[in-house]
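So this block is query11.txt, compact mmCIF, C-alpha atoms and all ligand atoms:
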```
# COMPACT_ATOMS: atom_id res chain seq x y z
CA MET A 1 1.28 -21.82 -3.37
CA ASN A 2 2.69 -22.61 -6.73
CA SER A 3 -0.19 -22.54 -9.20
CA THR A 4 -0.30 -19.43 -11.31
CA PRO A 5 -3.41 -17.82 -12.65
CA THR A 6 -1.87 -16.67 -15.89
CA ASP A 7 -2.65 -19.05 -18.81
CA SER A 8 -3.93 -17.42 -21.97
CA CYS A 9 -5.73 -14.63 -20.20
CA ALA A 10 -2.94 -12.07 -20.23
CA ASP A 11 -4.04 -11.16 -23.73
CA PRO A 12 -5.76 -7.76 -23.51
CA GLY A 13 -7.97 -8.68 -26.45
CA GLN A 14 -9.32 -11.61 -24.50
CA LYS A 15 -12.96 -12.53 -24.54
CA LEU A 16 -15.05 -11.37 -21.59
CA LEU A 17 -15.52 -13.97 -18.87
CA SER A 18 -18.82 -14.39 -17.10
CA VAL A 19 -18.79 -13.67 -13.37
CA GLU A 20 -19.05 -17.37 -12.67
CA GLN A 21 -16.18 -18.20 -15.01
CA GLY A 22 -14.10 -15.43 -13.44
CA ARG A 23 -14.88 -16.70 -9.95
CA ASN A 24 -14.06 -20.28 -10.90
CA ARG A 25 -10.80 -19.38 -12.58
CA ILE A 26 -9.72 -17.34 -9.61
CA LEU A 27 -10.71 -20.14 -7.23
CA ALA A 28 -8.80 -22.67 -9.30
CA ALA A 29 -5.62 -20.70 -8.63
CA VAL A 30 -6.16 -20.34 -4.89
CA PRO A 31 -4.91 -22.98 -2.46
CA VAL A 32 -6.15 -23.45 1.10
CA ILE A 33 -3.60 -22.03 3.51
CA GLU A 34 -1.76 -24.69 5.50
CA ALA A 35 -0.49 -22.67 8.43
CA ALA A 36 -2.51 -23.30 11.57
CA GLU A 37 -2.64 -22.25 15.18
CA GLN A 38 -4.27 -23.45 18.36
CA LEU A 39 -6.76 -21.05 19.91
CA HIS A 40 -9.03 -20.95 22.90
CA LEU A 41 -12.72 -20.78 21.95
CA ARG A 42 -12.81 -17.25 23.31
CA ALA A 43 -10.50 -16.12 20.49
CA ALA A 44 -11.83 -18.38 17.75
CA LEU A 45 -14.98 -16.58 16.54
CA ASN A 46 -15.07 -16.47 12.75
CA ARG A 47 -11.98 -18.61 12.34
CA ILE A 48 -11.87 -21.69 10.13
CA LEU A 49 -11.29 -25.15 11.58
CA CYS A 50 -8.44 -27.04 10.00
CA GLU A 51 -9.27 -30.41 11.45
CA PRO A 52 -12.49 -32.16 12.41
CA VAL A 53 -13.63 -32.10 16.03
CA ILE A 54 -14.75 -35.45 17.41
CA SER A 55 -16.74 -35.52 20.60
CA LYS A 56 -15.27 -37.43 23.51
CA VAL A 57 -18.51 -37.24 25.48
CA ASP A 58 -22.23 -37.83 25.16
CA VAL A 59 -24.43 -34.74 25.19
CA PRO A 60 -26.38 -34.78 27.35
CA ALA A 61 -24.06 -36.84 29.50
CA PHE A 62 -26.91 -38.48 31.47
CA ALA A 63 -30.67 -38.99 31.13
CA ASN A 64 -32.44 -35.94 32.55
CA SER A 65 -35.82 -34.31 32.74
CA ALA A 66 -37.11 -32.01 30.00
CA MET A 67 -39.73 -30.55 32.36
CA ASP A 68 -40.38 -29.46 35.91
CA GLY A 69 -42.58 -32.25 37.28
CA TYR A 70 -42.42 -35.71 38.75
CA ALA A 71 -40.22 -38.64 37.73
CA VAL A 72 -42.32 -41.81 37.75
CA ARG A 73 -42.19 -45.47 36.78
CA SER A 74 -44.46 -45.86 33.79
CA GLU A 75 -45.49 -49.31 34.97
CA ASP A 76 -47.04 -47.67 38.07
CA CYS A 77 -49.38 -45.69 35.85
CA PRO A 78 -51.83 -48.08 34.19
CA ASP A 79 -54.04 -46.59 31.54
CA LEU A 80 -57.30 -44.78 32.39
CA GLN A 81 -56.95 -45.11 36.13
CA SER A 82 -56.60 -42.72 38.98
CA VAL A 83 -53.06 -42.97 40.33
CA VAL A 84 -51.58 -41.96 43.69
CA LEU A 85 -47.80 -41.93 44.16
CA LYS A 86 -45.72 -41.10 47.22
CA ILE A 87 -43.03 -38.40 46.79
CA ALA A 88 -39.71 -39.95 47.81
CA GLY A 89 -37.56 -36.83 47.38
CA THR A 90 -36.40 -34.17 44.96
CA SER A 91 -33.90 -34.13 42.10
CA PHE A 92 -32.51 -30.68 41.29
CA ALA A 93 -30.33 -29.77 38.30
CA GLY A 94 -26.85 -30.24 39.74
CA ALA A 95 -28.12 -31.90 42.96
CA PRO A 96 -29.53 -35.30 42.02
CA PHE A 97 -31.81 -37.43 44.17
CA ALA A 98 -29.64 -40.00 45.90
CA GLY A 99 -31.94 -43.01 46.12
CA ASP A 100 -33.97 -44.85 43.56
CA VAL A 101 -37.65 -44.85 42.83
CA SER A 102 -39.45 -47.97 43.92
CA ALA A 103 -43.00 -49.13 43.18
CA GLY A 104 -45.65 -46.59 44.16
CA GLN A 105 -43.12 -43.77 44.45
CA CYS A 106 -42.17 -40.71 42.46
CA VAL A 107 -39.53 -37.98 42.73
CA ARG A 108 -40.09 -34.26 42.30
CA ILE A 109 -37.75 -33.29 39.47
CA MET A 110 -36.58 -30.04 37.82
CA THR A 111 -35.65 -29.43 34.20
CA GLY A 112 -32.14 -30.73 33.53
CA ALA A 113 -31.98 -32.79 36.73
CA LEU A 114 -30.67 -36.35 36.59
CA MET A 115 -33.39 -39.00 36.19
CA PRO A 116 -33.38 -41.04 39.36
CA ASP A 117 -32.78 -44.78 39.01
CA GLY A 118 -35.99 -46.69 38.57
CA ALA A 119 -37.95 -43.82 36.99
CA ASP A 120 -38.49 -43.83 33.22
CA ALA A 121 -40.93 -40.96 32.56
CA VAL A 122 -41.67 -37.44 33.76
CA LEU A 123 -45.13 -36.04 34.35
CA MET A 124 -45.55 -32.30 33.96
CA GLN A 125 -46.34 -30.70 37.28
CA GLU A 126 -49.38 -28.98 35.71
CA HIS A 127 -50.91 -32.42 35.16
CA VAL A 128 -50.92 -33.60 38.77
CA ARG A 129 -52.52 -32.56 42.04
CA ARG A 130 -50.11 -32.42 44.94
CA ASP A 131 -51.42 -33.50 48.31
CA ALA A 132 -48.76 -33.10 51.02
CA GLU A 133 -46.26 -35.90 50.26
CA GLN A 134 -48.37 -37.50 47.55
CA ILE A 135 -49.41 -36.74 44.01
CA ARG A 136 -52.63 -37.80 42.29
CA PHE A 137 -53.56 -37.74 38.67
CA GLU A 138 -56.01 -39.19 36.21
CA GLN A 139 -53.85 -41.33 34.08
CA SER A 140 -54.48 -41.06 30.39
CA ILE A 141 -51.02 -41.46 28.90
CA VAL A 142 -47.73 -41.93 30.67
CA LYS A 143 -45.40 -43.37 28.11
CA ARG A 144 -41.96 -44.72 28.85
CA GLY A 145 -39.47 -42.00 28.04
CA GLN A 146 -42.00 -39.20 28.19
CA ASN A 147 -40.29 -35.84 28.89
CA VAL A 148 -36.94 -37.57 29.33
CA ARG A 149 -33.83 -36.41 27.48
CA TYR A 150 -31.57 -39.37 26.98
CA ALA A 151 -27.78 -39.47 27.20
CA GLY A 152 -26.25 -38.83 23.77
CA GLU A 153 -29.52 -37.57 22.27
CA ASP A 154 -27.81 -34.41 20.94
CA THR A 155 -24.28 -35.72 20.32
CA ARG A 156 -22.78 -39.15 20.87
CA CYS A 157 -19.25 -39.85 21.98
CA GLY A 158 -17.28 -40.45 18.75
CA ASP A 159 -19.52 -38.23 16.59
CA THR A 160 -17.82 -35.68 14.34
CA VAL A 161 -19.39 -32.47 15.59
CA LEU A 162 -17.62 -30.11 13.19
CA HIS A 163 -15.66 -30.66 10.00
CA ALA A 164 -12.39 -29.20 8.73
CA GLY A 165 -13.14 -26.07 6.74
CA GLN A 166 -16.12 -25.08 8.85
CA ARG A 167 -16.37 -21.50 10.02
CA LEU A 168 -16.75 -21.03 13.75
CA GLY A 169 -19.83 -18.92 14.24
CA ASP A 170 -21.92 -18.37 17.35
CA ALA A 171 -23.56 -21.81 17.31
CA GLU A 172 -20.33 -23.65 16.51
CA LEU A 173 -18.50 -22.10 19.48
CA GLY A 174 -21.36 -23.07 21.77
CA LEU A 175 -21.40 -26.57 20.31
CA LEU A 176 -17.66 -26.98 20.97
CA ALA A 177 -18.14 -25.86 24.56
CA SER A 178 -21.05 -28.32 24.93
CA VAL A 179 -18.70 -31.21 24.18
CA GLY A 180 -16.08 -29.83 26.56
CA VAL A 181 -13.59 -28.66 23.92
CA ALA A 182 -11.67 -25.58 25.10
CA GLU A 183 -9.17 -25.17 22.26
CA VAL A 184 -9.33 -25.69 18.52
CA ARG A 185 -6.90 -25.81 15.64
CA VAL A 186 -7.75 -23.13 13.12
CA THR A 187 -6.05 -21.66 10.09
CA ARG A 188 -3.74 -18.74 10.64
CA ARG A 189 -5.32 -15.31 10.27
CA LEU A 190 -4.55 -14.01 6.79
CA ARG A 191 -2.83 -10.68 6.34
CA VAL A 192 -4.35 -8.67 3.53
CA ALA A 193 -2.43 -5.61 2.37
CA PHE A 194 -4.39 -2.97 0.51
CA PHE A 195 -3.84 0.43 -0.97
CA SER A 196 -5.52 2.92 -3.25
CA THR A 197 -3.87 4.18 -6.39
CA GLY A 198 -4.51 7.60 -7.87
CA ASP A 199 -2.84 11.03 -7.94
CA GLU A 200 -6.22 12.61 -7.29
CA LEU A 201 -6.69 10.95 -3.90
CA ALA A 202 -6.53 12.76 -0.58
CA SER A 203 -6.75 10.89 2.70
CA VAL A 204 -9.47 11.76 5.20
CA GLY A 205 -8.24 14.33 7.69
CA THR A 206 -6.31 16.31 5.08
CA PRO A 207 -7.69 19.23 3.07
CA LEU A 208 -8.78 18.64 -0.52
CA GLY A 209 -6.61 20.25 -3.19
CA ARG A 210 -7.92 21.36 -6.56
CA GLY A 211 -9.08 18.35 -8.59
CA GLN A 212 -8.74 16.02 -5.62
CA ILE A 213 -11.27 13.62 -4.08
CA TYR A 214 -11.23 11.77 -0.81
CA ASP A 215 -10.04 8.19 -0.88
CA SER A 216 -13.09 6.17 0.14
CA ASN A 217 -12.02 2.79 -1.25
CA ARG A 218 -9.52 2.15 1.50
CA TYR A 219 -12.33 2.40 4.04
CA THR A 220 -14.73 0.08 2.23
CA LEU A 221 -11.87 -2.34 1.57
CA GLY A 222 -10.63 -2.21 5.16
CA ALA A 223 -14.17 -2.90 6.35
CA MET A 224 -14.81 -5.77 3.94
CA ILE A 225 -11.48 -7.37 4.87
CA SER A 226 -12.09 -6.97 8.60
CA ARG A 227 -15.57 -8.47 8.36
CA LEU A 228 -14.01 -11.66 7.02
CA ASN A 229 -11.86 -11.71 10.15
CA LEU A 230 -8.69 -11.11 8.17
CA GLU A 231 -5.95 -8.75 9.28
CA PRO A 232 -6.11 -5.57 7.19
CA VAL A 233 -2.79 -3.92 6.42
CA ASP A 234 -3.58 -0.38 5.26
CA MET A 235 -0.77 0.86 3.01
CA GLY A 236 -2.32 4.24 2.23
CA VAL A 237 -2.44 5.99 -1.13
CA VAL A 238 0.05 5.28 -3.90
CA GLY A 239 0.51 7.71 -6.78
CA ASP A 240 0.01 6.89 -10.44
CA ASN A 241 3.64 6.19 -11.28
CA ARG A 242 5.70 3.08 -11.82
CA GLU A 243 8.29 3.72 -9.11
CA GLN A 244 5.81 4.21 -6.30
CA LEU A 245 3.76 1.25 -7.45
CA GLU A 246 6.80 -1.01 -7.61
CA GLU A 247 7.83 0.00 -4.13
CA ALA A 248 4.33 -0.63 -2.78
CA PHE A 249 4.02 -3.98 -4.55
CA ALA A 250 7.36 -5.14 -3.16
CA GLU A 251 6.34 -4.19 0.36
CA ALA A 252 2.86 -5.71 0.04
CA ALA A 253 4.20 -9.01 -1.28
CA GLY A 254 4.93 -10.13 2.28
CA ALA A 255 1.19 -10.40 2.92
CA ASP A 256 -1.06 -13.34 2.00
CA ALA A 257 -3.09 -11.22 -0.39
CA ILE A 258 -2.91 -7.75 -1.88
CA ILE A 259 -5.89 -5.70 -2.96
CA THR A 260 -5.54 -2.42 -4.80
CA SER A 261 -8.07 -0.06 -6.28
CA GLY A 262 -7.73 2.04 -9.41
CA GLY A 263 -5.32 2.09 -12.28
CA VAL A 264 -6.33 -1.17 -13.94
CA SER A 265 -8.05 0.23 -17.01
CA VAL A 266 -6.41 1.41 -20.19
CA GLY A 267 -6.00 5.10 -19.30
CA ALA A 268 -2.67 6.88 -19.74
CA ALA A 269 -2.04 6.73 -15.96
CA ASP A 270 -3.05 3.11 -15.41
CA PHE A 271 0.10 1.23 -14.40
CA VAL A 272 -1.15 -1.47 -12.07
CA THR A 273 -1.39 -4.28 -14.60
CA GLU A 274 1.97 -3.65 -16.24
CA THR A 275 3.68 -3.41 -12.85
CA LEU A 276 2.08 -6.68 -11.84
CA GLU A 277 3.25 -8.22 -15.10
CA ARG A 278 6.83 -7.13 -14.39
CA MET A 279 6.93 -8.18 -10.74
CA GLY A 280 4.73 -11.26 -10.67
CA SER A 281 2.29 -13.15 -12.80
CA VAL A 282 -0.85 -11.69 -14.20
CA GLY A 283 -4.16 -12.90 -15.55
CA PHE A 284 -5.81 -9.72 -16.72
CA TRP A 285 -9.36 -10.79 -16.78
CA LYS A 286 -12.13 -8.70 -18.09
CA VAL A 287 -15.21 -9.98 -16.36
CA ALA A 288 -18.53 -9.18 -17.98
CA MET A 289 -20.03 -7.43 -14.99
CA LYS A 290 -21.28 -3.96 -14.35
CA PRO A 291 -20.07 -2.27 -12.33
CA GLY A 292 -16.69 -3.93 -12.22
CA LYS A 293 -14.91 -4.53 -15.47
CA PRO A 294 -11.89 -4.66 -15.60
CA ILE A 295 -10.11 -6.46 -12.78
CA ALA A 296 -6.55 -7.75 -12.62
CA PHE A 297 -5.81 -11.00 -10.85
CA GLY A 298 -2.39 -12.49 -10.34
CA ARG A 299 0.32 -13.21 -7.86
CA ILE A 300 3.39 -11.46 -6.53
CA ARG A 301 5.70 -13.94 -4.82
CA ASN A 302 3.42 -15.80 -2.39
CA ALA A 303 0.71 -13.16 -2.30
CA LEU A 304 -2.49 -13.34 -4.31
CA PHE A 305 -3.08 -10.09 -6.10
CA PHE A 306 -6.42 -8.44 -6.89
CA GLY A 307 -6.34 -5.16 -8.79
CA LEU A 308 -9.86 -3.76 -8.53
CA PRO A 309 -11.20 -0.83 -10.54
CA GLY A 310 -11.19 2.60 -8.93
CA ASN A 311 -14.88 3.39 -8.93
CA PRO A 312 -16.15 2.94 -5.39
CA VAL A 313 -19.19 0.79 -6.25
CA SER A 314 -17.08 -1.36 -8.58
CA VAL A 315 -14.70 -2.03 -5.70
CA MET A 316 -17.53 -3.36 -3.55
CA ALA A 317 -19.21 -5.36 -6.32
CA THR A 318 -15.98 -7.03 -7.48
CA PHE A 319 -14.90 -7.70 -3.92
CA TYR A 320 -18.13 -9.51 -3.05
CA GLN A 321 -18.40 -11.43 -6.31
CA LEU A 322 -14.77 -12.32 -7.02
CA VAL A 323 -12.35 -11.50 -4.21
CA ARG A 324 -14.34 -12.69 -1.24
CA PRO A 325 -14.72 -16.30 -2.45
CA ALA A 326 -10.96 -16.42 -3.12
CA LEU A 327 -10.11 -15.12 0.36
CA GLU A 328 -12.60 -17.56 1.87
CA ARG A 329 -10.86 -20.46 0.16
CA LEU A 330 -7.40 -19.18 1.06
CA ARG A 331 -8.41 -18.98 4.71
CA GLY A 332 -9.67 -22.54 4.78
CA ILE A 333 -13.17 -22.81 3.32
CA GLU A 334 -12.39 -25.01 0.37
CA HIS A 335 -15.78 -24.62 -1.31
CA PRO A 336 -17.19 -21.25 -0.35
CA PRO A 337 -20.95 -21.31 -0.93
CA PRO A 338 -22.16 -19.08 -3.75
CA PRO A 339 -24.05 -15.95 -2.67
CA ILE A 340 -27.74 -16.40 -1.89
CA LEU A 341 -30.11 -15.32 -4.68
CA LEU A 342 -33.77 -14.67 -3.90
CA PRO A 343 -36.62 -13.98 -6.29
CA ALA A 344 -38.44 -10.65 -5.89
CA VAL A 345 -40.93 -8.64 -7.88
CA CYS A 346 -39.37 -5.50 -9.24
CA THR A 347 -41.72 -2.57 -8.65
CA ASP A 348 -40.20 -0.20 -11.17
CA ARG A 349 -38.67 -0.24 -14.58
CA LEU A 350 -34.91 -0.83 -14.71
CA ARG A 351 -32.70 0.16 -17.58
CA LYS A 352 -30.39 -2.57 -18.78
CA ARG A 353 -28.37 -3.15 -21.91
CA PRO A 354 -27.62 -6.73 -22.88
CA GLY A 355 -23.98 -7.87 -22.65
CA ARG A 356 -22.88 -7.84 -19.03
CA VAL A 357 -24.36 -9.07 -15.75
CA GLU A 358 -25.43 -6.03 -13.79
CA PHE A 359 -25.35 -5.68 -10.04
CA GLN A 360 -27.81 -2.84 -9.66
CA ARG A 361 -28.45 -1.49 -6.21
CA GLY A 362 -31.92 -2.11 -4.85
CA VAL A 363 -34.12 -1.80 -1.80
CA LEU A 364 -35.73 -5.10 -0.88
CA GLU A 365 -38.94 -5.01 1.14
CA ARG A 366 -41.53 -7.50 2.29
CA GLY A 367 -45.00 -6.53 1.15
CA ASN A 368 -48.23 -7.00 3.13
CA ASP A 369 -48.93 -10.16 1.15
CA GLY A 370 -45.64 -11.63 2.39
CA ARG A 371 -43.96 -11.39 -1.01
CA TYR A 372 -40.70 -9.58 -1.49
CA THR A 373 -40.54 -6.57 -3.75
CA VAL A 374 -37.50 -4.63 -4.83
CA ARG A 375 -36.97 -1.21 -6.34
CA GLY A 376 -33.84 0.14 -7.93
CA VAL A 377 -32.12 3.09 -6.27
CA ASP A 378 -32.03 6.31 -8.30
CA HIS A 379 -28.34 6.70 -9.08
CA GLN A 380 -26.79 3.55 -10.50
CA GLY A 381 -23.42 5.04 -11.51
CA ALA A 382 -20.33 3.00 -10.60
CA GLY A 383 -18.97 6.05 -8.79
CA VAL A 384 -22.07 6.75 -6.69
CA LEU A 385 -21.19 5.19 -3.36
CA SER A 386 -24.28 6.60 -1.67
CA SER A 387 -26.26 4.08 -3.75
CA MET A 388 -24.66 1.27 -1.71
CA ALA A 389 -25.61 2.89 1.57
CA VAL A 390 -29.23 3.47 0.47
CA ALA A 391 -29.55 -0.05 -0.93
CA ASN A 392 -29.87 -3.31 1.00
CA CYS A 393 -29.34 -5.68 -1.92
CA PHE A 394 -27.92 -6.15 -5.37
CA ILE A 395 -30.46 -6.74 -8.12
CA VAL A 396 -28.64 -9.26 -10.29
CA LEU A 397 -29.63 -8.96 -13.93
CA ALA A 398 -28.33 -11.68 -16.25
CA ALA A 399 -26.02 -10.66 -19.10
CA GLU A 400 -28.54 -11.17 -21.89
CA ARG A 401 -31.33 -9.37 -20.08
CA GLU A 402 -32.67 -6.09 -21.47
CA ASP A 403 -34.76 -3.39 -19.76
CA VAL A 404 -36.80 -4.84 -16.91
CA ALA A 405 -40.50 -3.96 -16.96
CA ALA A 406 -42.19 -3.03 -13.68
CA GLY A 407 -43.83 -6.13 -12.21
CA SER A 408 -41.27 -8.62 -13.54
CA GLU A 409 -39.41 -11.06 -11.37
CA VAL A 410 -35.73 -10.43 -10.70
CA ALA A 411 -33.06 -12.14 -8.59
CA VAL A 412 -31.66 -10.24 -5.63
CA GLN A 413 -28.62 -10.78 -3.45
CA PRO A 414 -29.31 -9.37 0.03
CA PHE A 415 -26.36 -7.52 1.50
CA SER A 416 -27.01 -9.16 4.86
CA GLY A 417 -26.32 -12.54 3.27
CA LEU A 418 -22.92 -11.34 2.20
CA ILE A 419 -21.60 -10.75 5.68
P1 LIG B 1 -9.49 4.41 -12.15
O1 LIG B 1 -9.97 2.98 -12.08
O2 LIG B 1 -8.18 4.63 -11.48
O3 LIG B 1 -9.53 4.91 -13.55
O4 LIG B 1 -10.55 5.25 -11.35
C1 LIG B 1 -11.91 5.29 -11.74
C2 LIG B 1 -12.65 6.34 -10.97
O5 LIG B 1 -12.68 6.00 -9.58
C3 LIG B 1 -12.06 7.72 -11.02
O6 LIG B 1 -13.10 8.66 -11.08
C4 LIG B 1 -11.29 7.84 -9.73
O7 LIG B 1 -11.13 9.16 -9.31
C5 LIG B 1 -12.18 7.06 -8.79
N1 LIG B 1 -11.37 6.53 -7.68
C6 LIG B 1 -10.23 5.83 -7.85
N2 LIG B 1 -9.74 5.47 -6.65
C7 LIG B 1 -10.59 5.94 -5.73
C8 LIG B 1 -10.61 5.90 -4.32
N3 LIG B 1 -9.66 5.27 -3.62
N4 LIG B 1 -11.65 6.48 -3.65
C9 LIG B 1 -12.61 7.09 -4.35
N5 LIG B 1 -12.65 7.16 -5.69
C10 LIG B 1 -11.66 6.61 -6.38
MG MG B 2 -6.84 6.12 -11.34
```

Could I get this file's structure written as structure tokens?
Ligand code: AMP
Ligand code: MG
Amino acid sequence: MNSTPTDSCADPGQKLLSVEQGRNRILAAVPVIEAAEQLHLRAALNRILCEPVISKVDVPAFANSAMDGYAVRSEDCPDLQSVVLKIAGTSFAGAPFAGDVSAGQCVRIMTGALMPDGADAVLMQEHVRRDAEQIRFEQSIVKRGQNVRYAGEDTRCGDTVLHAGQRLGDAELGLLASVGVAEVRVTRRLRVAFFSTGDELASVGTPLGRGQIYDSNRYTLGAMISRLNLEPVDMGVVGDNREQLEEAFAEAAGADAIITSGGVSVGAADFVTETLERMGSVGFWKVAMKPGKPIAFGRIRNALFFGLPGNPVSVMATFYQLVRPALERLRGIEHPPPPILLPAVCTDRLRKRPGRVEFQRGVLERGNDGRYTVRGVDHQGAGVLSSMAVANCFIVLAAEREDVAAGSEVAVQPFSGLI
């Protein structure tokens, strides 16, 4: 970790960056963590692989039946004729038929059971009449290989089943088990220290004094960090003064990343950026987004530093758009995919001034005609956290866009795609 995000951006009179520029500049300063550990699959959900996994087996390991029915020799079943075959035995999944199938014979077979030697096709049991130890059927089509799953059809020995940098989700864990892999090498779990700044903040569980508000950011931040499977280190509330901030920064610098909220604007009690400047390196980047401007990005010792604004909706918007991709890269996903954007018809008029990209909160619904519609929630203020709970998506309005007329198309970012 030696690249610094500073360059010319420490200038407070800097030009506004677009969200994409901001994201790219942050990403350019973030390395992929090298520390790794070996974990059993049971503990590996949502971790990132740090080396490819190559299968040492074929899946399936042997040819088997895709149906409950009868394993036959296709050459015994000439076209358009009535066929009678003698049942030589049964092949169960896990208890194969011991012999082989000779001319005029078949074997009763269950789904997943080993194909007996000699047989090369499976007839569905619904397509035959069973008569004591014989089956009869009107042959129309028995093709070689019909209803047979061949060895290696899913995965071949030597195939790369998963790549370095892939996240282990539900399917990936199952896939690893299917090739007999019990343990994987994954990147170390990142520790992310976070705290709120502000003299007005009271922690939940304590009474509110005059002029105080409850600290909600630590709970949204803790949740967003945990959902990325990172280890949240909750450092509480830090007052708006240099000494307390310095102490907190020094303590937090042992983590892989630090996220703070509040104190990054130009108010008389905003000390985060100057403290960062003194103790580490800073790129104070004003990103042209609403809610969200300004954010501070930098580094203290080995820890990445993100100073988010104090307004609760700004914290969430900047985390999803700018912090999350950086944490994804740090934890091993070298090229985190950009958030999904879907088109939807906006059912009401939205107010928008040109200049900054807006992440308005919306409710996305599927209409009777199958098309998606979205409406803006009533209170779009950066401090109105209830708007995030009512909404299920961001309506992303490009910087140059002005008021949106009802019936126009807009791009939305579903919250569910962000998780
Ligand atoms: P700041 O960025 O420090 O100027 O704060 C902007 C606004 O967000 C102010 O109204 C703060 O009271 C509010 N705020 C700051 N931190 C928090 C927090 N942790 N929880 C809830 N609101 C906050
Ligand atoms: Mg403040």

Legend entry - Residue among A:Asp199, A:Asp58, A:Asp215, A:Glu183 lying closest to ligand LIG 1 (chain B), counting all atoms listed in the file: A:Asp215

Inset, instruction - Find the residues with any atom within 9 Å of (0.7, -15.2, 1.9); use only C-alpha atoms and the coordinates as given in the file, and write the answer as a list in words. - result: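 In the file's frame, the residues around the point are Met1, Ile33, Leu190, Arg191, Val192, Ala253, Gly254, Ala255, Asp256, Ala257, Arg301, Asn302, Ala303 and Leu304 of chain A.
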
Inset, instruction - Residues within 9 Å of ligand LIG 1 (chain B), counting only C-alpha atoms and all ligand atoms: report them as a PyMOL selection string. - result: chain A and resi 195-203+212-219+237+240+260-267+269-270+294+308-315+382-383+385

Excluding Phe415 in chain A and its own-chain neighbours fewer than 4 positions away, which residues fall within 12 Å of it when counting all atoms listed in the file? Please give them as a PDB file with C-alpha atoms, in the frame of the given file.
```pdb
ATOM      1  CA  MET A 224     -14.810  -5.770   3.940  1.00  0.00           C
ATOM      2  CA  MET A 316     -17.530  -3.360  -3.550  1.00  0.00           C
ATOM      3  CA  ALA A 317     -19.210  -5.360  -6.320  1.00  0.00           C
ATOM      4  CA  TYR A 320     -18.130  -9.510  -3.050  1.00  0.00           C
ATOM      5  CA  GLN A 321     -18.400 -11.430  -6.310  1.00  0.00           C
ATOM      6  CA  PRO A 339     -24.050 -15.950  -2.670  1.00  0.00           C
ATOM      7  CA  ILE A 340     -27.740 -16.400  -1.890  1.00  0.00           C
ATOM      8  CA  LEU A 341     -30.110 -15.320  -4.680  1.00  0.00           C
ATOM      9  CA  LEU A 342     -33.770 -14.670  -3.900  1.00  0.00           C
ATOM     10  CA  PHE A 359     -25.350  -5.680 -10.040  1.00  0.00           C
ATOM     11  CA  ARG A 361     -28.450  -1.490  -6.210  1.00  0.00           C
ATOM     12  CA  GLY A 362     -31.920  -2.110  -4.850  1.00  0.00           C
ATOM     13  CA  VAL A 363     -34.120  -1.800  -1.800  1.00  0.00           C
ATOM     14  CA  LEU A 364     -35.730  -5.100  -0.880  1.00  0.00           C
ATOM     15  CA  MET A 388     -24.660   1.270  -1.710  1.00  0.00           C
ATOM     16  CA  ALA A 389     -25.610   2.890   1.570  1.00  0.00           C
ATOM     17  CA  VAL A 390     -29.230   3.470   0.470  1.00  0.00           C
ATOM     18  CA  ALA A 391     -29.550  -0.050  -0.930  1.00  0.00           C
ATOM     19  CA  ASN A 392     -29.870  -3.310   1.000  1.00  0.00           C
ATOM     20  CA  CYS A 393     -29.340  -5.680  -1.920  1.00  0.00           C
ATOM     21  CA  PHE A 394     -27.920  -6.150  -5.370  1.00  0.00           C
ATOM     22  CA  ILE A 395     -30.460  -6.740  -8.120  1.00  0.00           C
ATOM     23  CA  ILE A 419     -21.600 -10.750   5.680  1.00  0.00           C
TER      24      ILE A 419
END
```

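When all atoms listed in the file are used to measure the gap to ligand MG 2 (chain B), the shortest distance among A:Gln134, A:Phe271, A:Glu75, A:Leu176 belongs to A:Phe271.
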
Inset, instruction - Write out as a PyMOL selection string which residues come within 8 Å of Leu114 in chain A when counting all atoms listed in the file, dropping same-chain ones fewer than 2 positions away. - result: chain A and resi 62-65+91-94+96-97+112+116

Legend entry - Given all atoms listed in the file as the counted atoms, nearest of A:Ser408, A:Gln413, A:Gln21, A:Asn241 to ligand MG 2 (chain B): A:Asn241

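CA of Gly222 in chain A is found 28.7 Å from CA of Gly174 in chain A.
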
Inset, instruction - Extract, using all atoms listed in the file, all DNA, RNA and protein residues at most 6 Å from range 140-145 of chain A, discarding same-chain residues fewer than 5 positions from it, and format them as a ChimeraX atom specification. - result: /A:74,79-80,120-121
